[in-house]
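Below is one structure, written out as structure tokens; the observations come after it.
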Amino acid sequence: MTTEDKIHLEDMMPALQGVIPTIVATASADHTPNVTYISQVYFVDADHVALSYQFFNKTIRNVRENPMLTAIVTCPVHYDLYRFILRYEESQTDGEIFDAMEIQLEALATAQNKEGIFKLKAADIYEVVSIEKI
Amino acid sequence: MVPASHVEFLKQPLSFWLATTGLNNISEPIKCTGIVFDPATEIFTCFVPEKFMTIGFEHLRENPVLALVVTELHSFESYQYKGNYLAWRRCTEDEVEFQRGYMEAFSDILGSFGHSKQGLYGAYFHIPVLALTFQVTHVFDQSPRSGTGEKVCA
Amino acid sequence: METAALHKLTTQLECSQRKMDIITKVSFELSKLVSLPQKLHTILDILNDQFSLQNSMILVPDGEQRQLTVVASHGYDEDPKDKVVPFGQGIVGLSAARRKHINLTGIRRKQHYMAAVSHEGELNFLKPLGLPDAESQVAIPLVANDALVAVLMAESRSFCVFTRDDENFLITLAQPLAVSIQNSMLYDSMEEKIRERTAELQRLSETKDKFFSIISHDLRGPVTSFQSLARLFSHYHKLGQTDKIDSLCDKVDQSADNLNHLLENLLDWSLSQTNGIQCVFETITLPGFLKQIVALYQDSLLAKEITLNLSVEDDLTLQADHHTLATAIRNLVSNAIKFTPRGGVITMVAARHEQLVTLSIRDSGVGIDKQKRDALFSLRGQRTTCGTEREKGTGLGLILVKEFTELNHGRVAIESEQGHGTTFTLTFPGK
């Protein structure tokens with residue numbers, strides 16, 4: 001892939017707004033795959049994204065054992081599919097990224113009197129290893 | 001192993017995604033354009049556009065374990081079926097028609113959320129389509145709620 | 001490769017140029033000192049022109065920072081003006097409470113997900129401020145001098161309308177927008193203060209005019225009268241006609257009384273205009289108090305052969321300030337004498353009615369027509385009316401009656417029919 005062909009995270013912001021849920025696949029240490037939906041992949045910077053963590057589930061357990069995660073992100077404008085290979089780095093429970101993710105969740109929840117039901121447990125930060133259009 | 005209530009549930013226009021994992025521990029989500037479940041043998045036949053299977057086949061050569069998540073798009077009721085890959089073949093004309101019907105219904109649901117029906121149909125459905133079979137070994141409840149992920153049966 | 005890079009650079013340059021144009025236009029509009037509504041509509045118009053923010057609104061917080069009210073909007077079929085949202089609720093309330101910008105898209109699906117996951121059969125959306133089916137919303141708090149001035153909210157039925165660039169640019173504009181709105185609020189508040197001051201000055205000017213009118217006109221009469229009397233004294237003295245001098249003494253006495261009454265009223269009125277009256281509340285026993293006042297007017301009543309009937313309950317008391325209450329009642333008695341024809345009757349009744357004490361003074365005079373009644377207690381348009389025997393007044397008497405009754409927590413009512421006399425009733429709280 002040439003430099004010009006490389007897909008930059010900043011160029012695909014519409015796909016990172018959670019309009020269409022993202023599908024993510026992880027694997028446990030014994031190579032058993034797990035696949036699930038997540039609401040949104042959040043833009044952090046040119047090399048990082050964050051995934052919200054509301055319920056402790058198999059995906060969270062898997063990335064603690066094996067940090068690699070593959071996400072299929074759909075652009076809601078052109079309906080192109082992108083494969084993101086991500087590597088889990090850390091889990092944040094405060095800070096700018098956590099606040100930005102939490103305030104979005106709360107804005108939606110308070111608009112329908114559901115504040116308190118949807119608590120963001122953490123913002124899991126992932127390094128973007130590669131992005132590829134499918 | 002698969003609860004009897006799942007048989008009817010699986011006939012709905014649900015969202016279906018498969019996942020495979022290679023020995024490098026990188027997984028691959030694969031969009032299915034329909035499934036057929038045989039309760040007698042507990043074998044799933046998953047229809048997958050060939051263009052989405054490139055990495056999946058590489059993984060299956062190394063690791064036969066598959067995961068399939070099914071989600072009802074209004075209630076978000078979800079289950080994950082894990083099992084072992086059996087075989088693949090090209091879809092029959094009838095199976096392609098079956099998938100067209102499924103994609104119509106599935107795109108209608110997504111269209112009701114404000115999306116372009118044609119856009120999503122075009123993004124997910126591509127011919128040629130393959131039929132993959134796998135034998136279920138585990139079933140998990142994956143509906144989004146606290147404590148999700150419980151094993152339904154093994 | 002070079003062409004692609006050049007294209008990207010050109011796009012960036014065009015984008016920067018566009019931003020500069022917007023900043024220039026916005027700066028120009030924001031620098032204008034105009035009223036708040038005008039400023040807000042200008043801002044929303046610019047945002048529509050430059051960012052295609054077709055549906056937008058500006059909300060301002062209340063003093064306690066508990067809720068926000070829509071003060072301006074753009075592009076809605078139903079004007080959301082005056083709608084309120086509590087701090088902390090929804091995108092606008094939360095943006096205000098946290099003072100952070102929020103950009104949401106895919107709203108309906110996300111809310112549907114929340115409703116489904118919270119296991120509620122039906123969606124429970126609060127009534128939206130603007131679009132009921134918005135898919136994208138952005139809320140930006142406008143903060144100036146560390147104070148939340150307003151919240152700008154824009155929304156759309158489409159997905160991903162507000163790009164990160166747009167959002168960042170709006171955040172850049174937020175500060176000057178906030179300062180500009182704050183300036184307009186200050187401007188409006190100054191305008192309001194100027195209006196209040198102008199009204200106050202107008203009132204003071206009217207008071208001053210009246211004061212000079214009284215001094216120049218009403219005081220001149222008695223003084224001229226004294227001058228004439230002095231000349232007559234001198235004249236009769238030279239002629240040695242002492243009987244005529246004796247008869248002039250009554251006139252001197254009457255003129256002195258009138259002048260004294262006039263000066264007292266004038267002094268009381270000027271004190272009331274400058275809030276110089278200090279009320280001292282005490283228990284006043286009305287029978288003795290009213291008899292003393294009536295006694296002051298015995299000569300005047302006799303002179304016009306008027307009968308004054310006083311009826312007051314023996315132990316009737318009132319919590320009031322002695323001086324101001326006496327002044328009010330003296331003016332009513334004096335007024336009744338003035339307008340009661342020779343040989344007429346004045347009835348004064350004081351009584352308790354449940355929790356109230358009333359004092360009414362009824363004359364058998366000519367009555368007052370409705371038009372004059374409406375202007376009776378106001379300085380504006382006040383004209384002195386001569387009594388039945390050409391007695392003069394200043395027009396201040398009834399104004400003092402009203403002001404001093406109110407100082408004693410009472411109120412004045414008037415009933416009158418032309419040709420059937422007039423009744424003034426003062427009503428005070430009984431305890």
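Identifiers in this document derive from the order of the structure tokens: chains are assigned A, B, ..., residues are numbered from 1 separately in each chain, and ligands are numbered from 1 in order of occurrence.
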
Determine which residues of segment 32-67 of chain B receive a DSSP assignment of helix (DSSP H, G or I), computed from the backbone, and state them as a short mmCIF file (atom, residue, chain, number, x, y, z; two decimals) with N, CA and C atoms, in the first residue's frame.
```
data_model
loop_
_atom_site.label_atom_id
_atom_site.label_comp_id
_atom_site.auth_asym_id
_atom_site.auth_seq_id
_atom_site.Cartn_x
_atom_site.Cartn_y
_atom_site.Cartn_z
N GLU B 50 -18.62 -14.52 -1.06
CA GLU B 50 -17.26 -15.04 -1.17
C GLU B 50 -16.21 -13.96 -0.87
N LYS B 51 -16.51 -12.70 -1.26
CA LYS B 51 -15.50 -11.65 -1.09
C LYS B 51 -15.18 -11.38 0.38
N PHE B 52 -16.11 -11.80 1.28
CA PHE B 52 -15.85 -11.59 2.71
C PHE B 52 -15.11 -12.77 3.36
N THR B 54 -12.15 -14.36 2.39
CA THR B 54 -10.73 -14.56 2.11
C THR B 54 -9.95 -14.87 3.38
N ILE B 55 -10.06 -13.97 4.35
CA ILE B 55 -9.31 -14.17 5.60
C ILE B 55 -9.92 -15.32 6.39
N GLY B 56 -11.25 -15.40 6.35
CA GLY B 56 -11.94 -16.46 7.09
C GLY B 56 -11.43 -17.84 6.71
N PHE B 57 -11.26 -18.08 5.41
CA PHE B 57 -10.77 -19.40 4.98
C PHE B 57 -9.35 -19.65 5.49
N GLU B 58 -8.52 -18.59 5.46
CA GLU B 58 -7.16 -18.76 5.99
C GLU B 58 -7.23 -19.20 7.45
N HIS B 59 -8.12 -18.55 8.20
CA HIS B 59 -8.26 -18.89 9.62
C HIS B 59 -8.75 -20.31 9.79
N LEU B 60 -9.75 -20.69 8.99
CA LEU B 60 -10.36 -22.01 9.18
C LEU B 60 -9.38 -23.14 8.87
N ARG B 61 -8.42 -22.84 8.00
CA ARG B 61 -7.39 -23.85 7.73
C ARG B 61 -6.54 -24.10 8.98
N GLU B 62 -6.39 -23.03 9.80
CA GLU B 62 -5.56 -23.16 11.01
C GLU B 62 -6.37 -23.52 12.25
#
```

For this session: Would you list the contacts of Tyr124 of chain B as a ChimeraX atom specification, taking every protein, DNA or RNA residue within 12 Å and counting only C-alpha atoms, but skipping same-chain residues closer than 3 positions in sequence?
Result: /A:72,74,79-81,134 /B:15-17,30-34,47-52,99-100,102-104,106-107,117-121,127,129

Selected residues written out, C-alpha atoms, as a tab-separated table (two decimals), in the first residue's frame:
```tsv
chain	number	residue	atom	x	y	z
A	72	ILE	CA	-16.01	-3.81	10.91
A	74	THR	CA	-19.72	0.95	8.22
A	79	TYR	CA	-22.07	2.51	3.06
A	80	ASP	CA	-18.49	1.35	2.61
A	81	LEU	CA	-17.18	-1.31	5.02
A	134	ILE	CA	-13.37	-4.29	2.33
B	15	SER	CA	-28.54	-9.71	11.95
B	16	PHE	CA	-25.97	-12.53	11.51
B	17	TRP	CA	-22.21	-12.23	11.85
B	30	ILE	CA	-17.77	-11.99	8.50
B	31	LYS	CA	-21.18	-10.73	7.39
B	32	CYS	CA	-23.75	-13.48	6.72
B	33	THR	CA	-26.55	-12.90	4.30
B	34	GLY	CA	-28.77	-15.54	5.84
B	47	PHE	CA	-24.48	-17.91	3.71
B	48	VAL	CA	-21.52	-15.63	3.16
B	49	PRO	CA	-20.49	-13.55	0.13
B	50	GLU	CA	-17.26	-15.04	-1.17
B	51	LYS	CA	-15.50	-11.65	-1.09
B	52	PHE	CA	-15.85	-11.59	2.71
B	99	GLN	CA	-30.86	-14.66	0.73
B	100	ARG	CA	-32.40	-11.99	-1.51
B	102	TYR	CA	-33.72	-12.16	3.73
B	103	MET	CA	-31.73	-9.07	2.63
B	104	GLU	CA	-34.95	-7.32	1.55
B	106	PHE	CA	-33.26	-7.05	6.81
B	107	SER	CA	-32.70	-3.83	4.80
B	117	LYS	CA	-32.03	0.49	2.19
B	118	GLN	CA	-30.21	0.21	-1.12
B	119	GLY	CA	-26.97	1.41	0.43
B	120	LEU	CA	-26.93	-1.30	3.06
B	121	TYR	CA	-28.19	-4.00	0.70
B	127	ILE	CA	-22.59	-12.68	-5.50
B	129	VAL	CA	-22.24	-16.51	-2.19
```

For this session: For chain B, work out the contacting residues on chain A at 10 Å, counting only C-alpha atoms, and write them as a ChimeraX atom specification.
Result: /A:19-20,23-38,54-59,66-72,74-81,83,85-87,118,134

Write a file of the just-selected residues containing N, CA and C atoms, as a short mmCIF file (atom, residue, chain, number, x, y, z; two decimals), in the first residue's frame.
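Just written: part.cif:
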```
data_model
loop_
_atom_site.label_atom_id
_atom_site.label_comp_id
_atom_site.auth_asym_id
_atom_site.auth_seq_id
_atom_site.Cartn_x
_atom_site.Cartn_y
_atom_site.Cartn_z
N VAL A 19 -23.43 5.88 13.97
CA VAL A 19 -24.72 5.87 13.27
C VAL A 19 -25.13 4.41 12.98
N ILE A 20 -24.16 3.64 12.48
CA ILE A 20 -24.39 2.21 12.27
C ILE A 20 -23.49 1.46 13.27
N ILE A 23 -19.34 -4.00 14.34
CA ILE A 23 -19.23 -5.39 14.77
C ILE A 23 -17.76 -5.64 15.14
N VAL A 24 -17.53 -6.27 16.28
CA VAL A 24 -16.15 -6.51 16.69
C VAL A 24 -15.94 -8.00 16.98
N ALA A 25 -14.77 -8.49 16.61
CA ALA A 25 -14.42 -9.89 16.88
C ALA A 25 -13.13 -9.94 17.67
N THR A 26 -13.13 -10.77 18.68
CA THR A 26 -11.93 -10.95 19.51
C THR A 26 -11.68 -12.45 19.64
N ALA A 27 -10.58 -12.79 20.27
CA ALA A 27 -10.30 -14.22 20.49
C ALA A 27 -9.73 -14.40 21.89
N SER A 28 -10.11 -15.49 22.51
CA SER A 28 -9.54 -15.78 23.83
C SER A 28 -8.14 -16.36 23.61
N ALA A 29 -7.45 -16.61 24.70
CA ALA A 29 -6.08 -17.09 24.59
C ALA A 29 -6.01 -18.44 23.87
N ASP A 30 -7.11 -19.22 23.92
CA ASP A 30 -7.10 -20.54 23.23
C ASP A 30 -7.64 -20.44 21.81
N HIS A 31 -7.66 -19.25 21.24
CA HIS A 31 -8.05 -18.99 19.84
C HIS A 31 -9.54 -19.17 19.56
N THR A 32 -10.37 -19.13 20.61
CA THR A 32 -11.82 -19.23 20.37
C THR A 32 -12.35 -17.83 20.02
N PRO A 33 -12.96 -17.69 18.84
CA PRO A 33 -13.43 -16.35 18.47
C PRO A 33 -14.70 -15.94 19.23
N ASN A 34 -14.90 -14.64 19.31
CA ASN A 34 -16.13 -14.08 19.89
C ASN A 34 -16.50 -12.88 19.04
N VAL A 35 -17.79 -12.75 18.76
CA VAL A 35 -18.21 -11.66 17.88
C VAL A 35 -19.42 -10.96 18.51
N THR A 36 -19.41 -9.64 18.44
CA THR A 36 -20.51 -8.89 19.07
C THR A 36 -20.63 -7.49 18.44
N TYR A 37 -21.77 -6.85 18.76
CA TYR A 37 -21.96 -5.46 18.31
C TYR A 37 -21.47 -4.50 19.38
N ILE A 38 -20.92 -3.38 18.97
CA ILE A 38 -20.71 -2.27 19.91
C ILE A 38 -21.33 -1.03 19.27
N GLN A 54 -19.56 -0.76 28.90
CA GLN A 54 -20.67 -0.58 29.83
C GLN A 54 -20.95 -1.86 30.62
N PHE A 55 -20.83 -3.00 29.94
CA PHE A 55 -21.07 -4.28 30.61
C PHE A 55 -19.78 -5.10 30.51
N PHE A 56 -19.42 -5.76 31.61
CA PHE A 56 -18.24 -6.62 31.54
C PHE A 56 -18.65 -7.88 30.78
N ASN A 57 -18.06 -8.09 29.65
CA ASN A 57 -18.49 -9.21 28.81
C ASN A 57 -17.29 -9.95 28.22
N LYS A 58 -17.59 -10.87 27.34
CA LYS A 58 -16.55 -11.74 26.78
C LYS A 58 -15.50 -10.92 26.00
N THR A 59 -15.97 -9.89 25.31
CA THR A 59 -15.03 -9.06 24.53
C THR A 59 -13.98 -8.45 25.47
N ASN A 66 -5.87 -11.33 25.21
CA ASN A 66 -5.28 -11.24 23.86
C ASN A 66 -5.69 -9.88 23.30
N PRO A 67 -4.76 -8.95 23.18
CA PRO A 67 -5.13 -7.54 22.92
C PRO A 67 -5.66 -7.25 21.52
N MET A 68 -5.64 -8.21 20.61
CA MET A 68 -6.03 -7.91 19.22
C MET A 68 -7.56 -7.96 19.05
N LEU A 69 -8.06 -6.94 18.36
CA LEU A 69 -9.52 -6.85 18.12
C LEU A 69 -9.73 -6.40 16.68
N THR A 70 -10.66 -7.01 16.01
CA THR A 70 -10.97 -6.60 14.64
C THR A 70 -12.39 -6.01 14.63
N ALA A 71 -12.52 -4.82 14.04
CA ALA A 71 -13.83 -4.16 13.99
C ALA A 71 -14.23 -3.93 12.55
N ILE A 72 -15.50 -4.16 12.25
CA ILE A 72 -16.01 -3.81 10.91
C ILE A 72 -16.86 -2.54 11.09
N THR A 74 -18.96 0.61 9.44
CA THR A 74 -19.72 0.95 8.22
C THR A 74 -19.89 2.45 8.14
N CYS A 75 -19.52 3.01 6.99
CA CYS A 75 -19.69 4.45 6.78
C CYS A 75 -21.17 4.72 6.46
N PRO A 76 -21.82 5.60 7.22
CA PRO A 76 -23.26 5.83 6.99
C PRO A 76 -23.53 6.75 5.81
N VAL A 77 -22.47 7.28 5.21
CA VAL A 77 -22.67 8.18 4.06
C VAL A 77 -22.61 7.39 2.75
N HIS A 78 -21.52 6.61 2.60
CA HIS A 78 -21.36 5.85 1.35
C HIS A 78 -21.60 4.35 1.52
N TYR A 79 -21.85 3.92 2.73
CA TYR A 79 -22.07 2.51 3.06
C TYR A 79 -20.89 1.62 2.66
N ASP A 80 -19.70 2.16 2.81
CA ASP A 80 -18.49 1.35 2.61
C ASP A 80 -18.16 0.65 3.94
N LEU A 81 -17.57 -0.57 3.82
CA LEU A 81 -17.18 -1.31 5.02
C LEU A 81 -15.67 -1.22 5.20
N ARG A 83 -12.30 -2.58 7.59
CA ARG A 83 -11.79 -3.51 8.62
C ARG A 83 -10.72 -2.78 9.43
N ILE A 85 -8.00 -3.22 12.35
CA ILE A 85 -7.28 -4.12 13.26
C ILE A 85 -6.78 -3.24 14.41
N LEU A 86 -7.19 -3.58 15.61
CA LEU A 86 -6.88 -2.74 16.78
C LEU A 86 -6.12 -3.55 17.83
N ARG A 87 -5.28 -2.84 18.58
CA ARG A 87 -4.57 -3.48 19.70
C ARG A 87 -4.92 -2.73 20.99
N PHE A 118 -27.50 3.98 32.23
CA PHE A 118 -26.38 3.71 31.32
C PHE A 118 -25.12 4.38 31.84
N ILE A 134 -13.05 -2.92 2.76
CA ILE A 134 -13.37 -4.29 2.33
C ILE A 134 -14.02 -4.25 0.95
#
```

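Selecting chain C residues within 8 Å of chain A and counting only C-alpha atoms yields Met1, Gly88, Gln89, Gly90, Ile91, Leu94, Ile102, Asn103, Leu104, Thr105, Gly106, Ile107, Arg109, Lys110, Gln111, Met114, Ser118, Leu123, Asn124, Phe125, Leu126, Phe159, Cys160, Thr163 and Arg164 of chain C.
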
Problem set entry | chain B contacts on chain C, only C-alpha atoms, 8 Å, as number ranges by chain | C: 108-109, 112-113, 116-117

Kindly export the residues of the current selection with N, CA and C atoms, as an mmCIF file, in the first residue's frame.
```
data_model
loop_
_atom_site.group_PDB
_atom_site.id
_atom_site.type_symbol
_atom_site.label_atom_id
_atom_site.label_comp_id
_atom_site.auth_asym_id
_atom_site.auth_seq_id
_atom_site.Cartn_x
_atom_site.Cartn_y
_atom_site.Cartn_z
ATOM 1 N N ARG C 108 -31.745 8.624 16.948
ATOM 2 C CA ARG C 108 -32.948 7.782 17.109
ATOM 3 C C ARG C 108 -32.580 6.327 17.393
ATOM 4 N N ARG C 109 -31.575 5.826 16.655
ATOM 5 C CA ARG C 109 -31.188 4.429 16.871
ATOM 6 C C ARG C 109 -30.599 4.243 18.271
ATOM 7 N N HIS C 112 -33.297 4.320 20.759
ATOM 8 C CA HIS C 112 -34.070 3.085 20.655
ATOM 9 C C HIS C 112 -33.343 1.954 21.387
ATOM 10 N N TYR C 113 -32.042 1.917 21.206
ATOM 11 C CA TYR C 113 -31.218 0.899 21.867
ATOM 12 C C TYR C 113 -31.347 1.036 23.387
ATOM 13 N N ALA C 116 -34.696 -0.152 24.590
ATOM 14 C CA ALA C 116 -34.820 -1.607 24.532
ATOM 15 C C ALA C 116 -34.007 -2.255 25.647
ATOM 16 N N VAL C 117 -32.807 -1.747 25.860
ATOM 17 C CA VAL C 117 -31.922 -2.365 26.845
ATOM 18 C C VAL C 117 -32.409 -2.108 28.266
#
```

Problem set entry | Best match for closeness to Gln319 of chain C among C:Leu376, C:Leu30, C:Ile284, C:Val357, counting only C-alpha atoms |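 The closest residue to Gln319 of chain C is C:Ile284.
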
Exercise. So which residues touch segment 35-44 of chain B within 8 Å, counting only C-alpha atoms, skipping near sequence neighbours fewer than 2 positions away, as a PyMOL selection string?
Worked result: chain B and resi 1-2+7+10-11+16+32-33+46-47+132-136

So that I can see what lies close to segment 249-254 of chain C, please list as a tab-separated table (two decimals) with C-alpha atoms, in the first residue's frame the residues with an atom at most 9 Å from it, counting only C-alpha atoms and leaving out residues fewer than 6 positions away in the same chain.
```tsv
chain	number	residue	atom	x	y	z
C	225	SER	CA	-54.80	89.23	50.39
C	226	PHE	CA	-52.60	90.11	53.40
C	229	LEU	CA	-55.70	93.89	54.28
```

For this session: Measuring atom to atom with only C-alpha atoms, identify which of C:Gln12, C:Leu266, C:Leu177, C:Glu196 is nearest to Phe28 of chain C.
Result: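 Between C:Gln12, C:Leu266, C:Leu177, C:Glu196, the residue approaching Phe28 of chain C most closely is C:Leu177.
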
At a cut-off of 8 Å, using only C-alpha atoms, what residues contact Leu51 of chain A? Leave out same-chain residues fewer than 2 positions from it and give the result as a PDB file with C-alpha atoms, in the first residue's frame.
```pdb
ATOM      1  CA  ILE A  38     -20.715  -2.273  19.911  1.00  0.00           C
ATOM      2  CA  GLN A  40     -19.567   3.255  18.571  1.00  0.00           C
ATOM      3  CA  VAL A  41     -15.856   3.462  17.849  1.00  0.00           C
ATOM      4  CA  TYR A  42     -14.686   6.849  19.140  1.00  0.00           C
ATOM      5  CA  VAL A  49      -9.677   4.910  18.961  1.00  0.00           C
ATOM      6  CA  TYR A  53     -17.300  -0.433  28.091  1.00  0.00           C
ATOM      7  CA  ALA A 123     -13.103   3.942  27.876  1.00  0.00           C
ATOM      8  CA  ASP A 124     -10.871   1.242  26.436  1.00  0.00           C
ATOM      9  CA  ILE A 125      -8.115   2.749  24.335  1.00  0.00           C
ATOM     10  CA  TYR A 126      -6.884   0.866  21.271  1.00  0.00           C
TER      11      TYR A 126
END
```

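When atom CA of Thr22 of chain A is paired with atom CA of Asp141 of chain B, their separation reads 19.1 Å.
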
Problem set entry | Exercise: Thr317 of chain C partners within 10 Å, only C-alpha atoms, chain neighbours under 2 positions left out, as a ChimeraX atom specification | /C:282-287,289,313-315,319-320,350-352,357,430-431

Exercise. Can you tell me how far atom CA of Glu191 of chain C sits from atom CA of Val70 of chain C, in Å to one decimal?
Worked result: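 Computing the Euclidean distance for atom CA of Glu191 of chain C and atom CA of Val70 of chain C yields 22.0 Å.
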
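With atom CA of Val73 of chain A on one side and atom CA of Leu9 of chain A on the other, the separation reads 11.6 Å.
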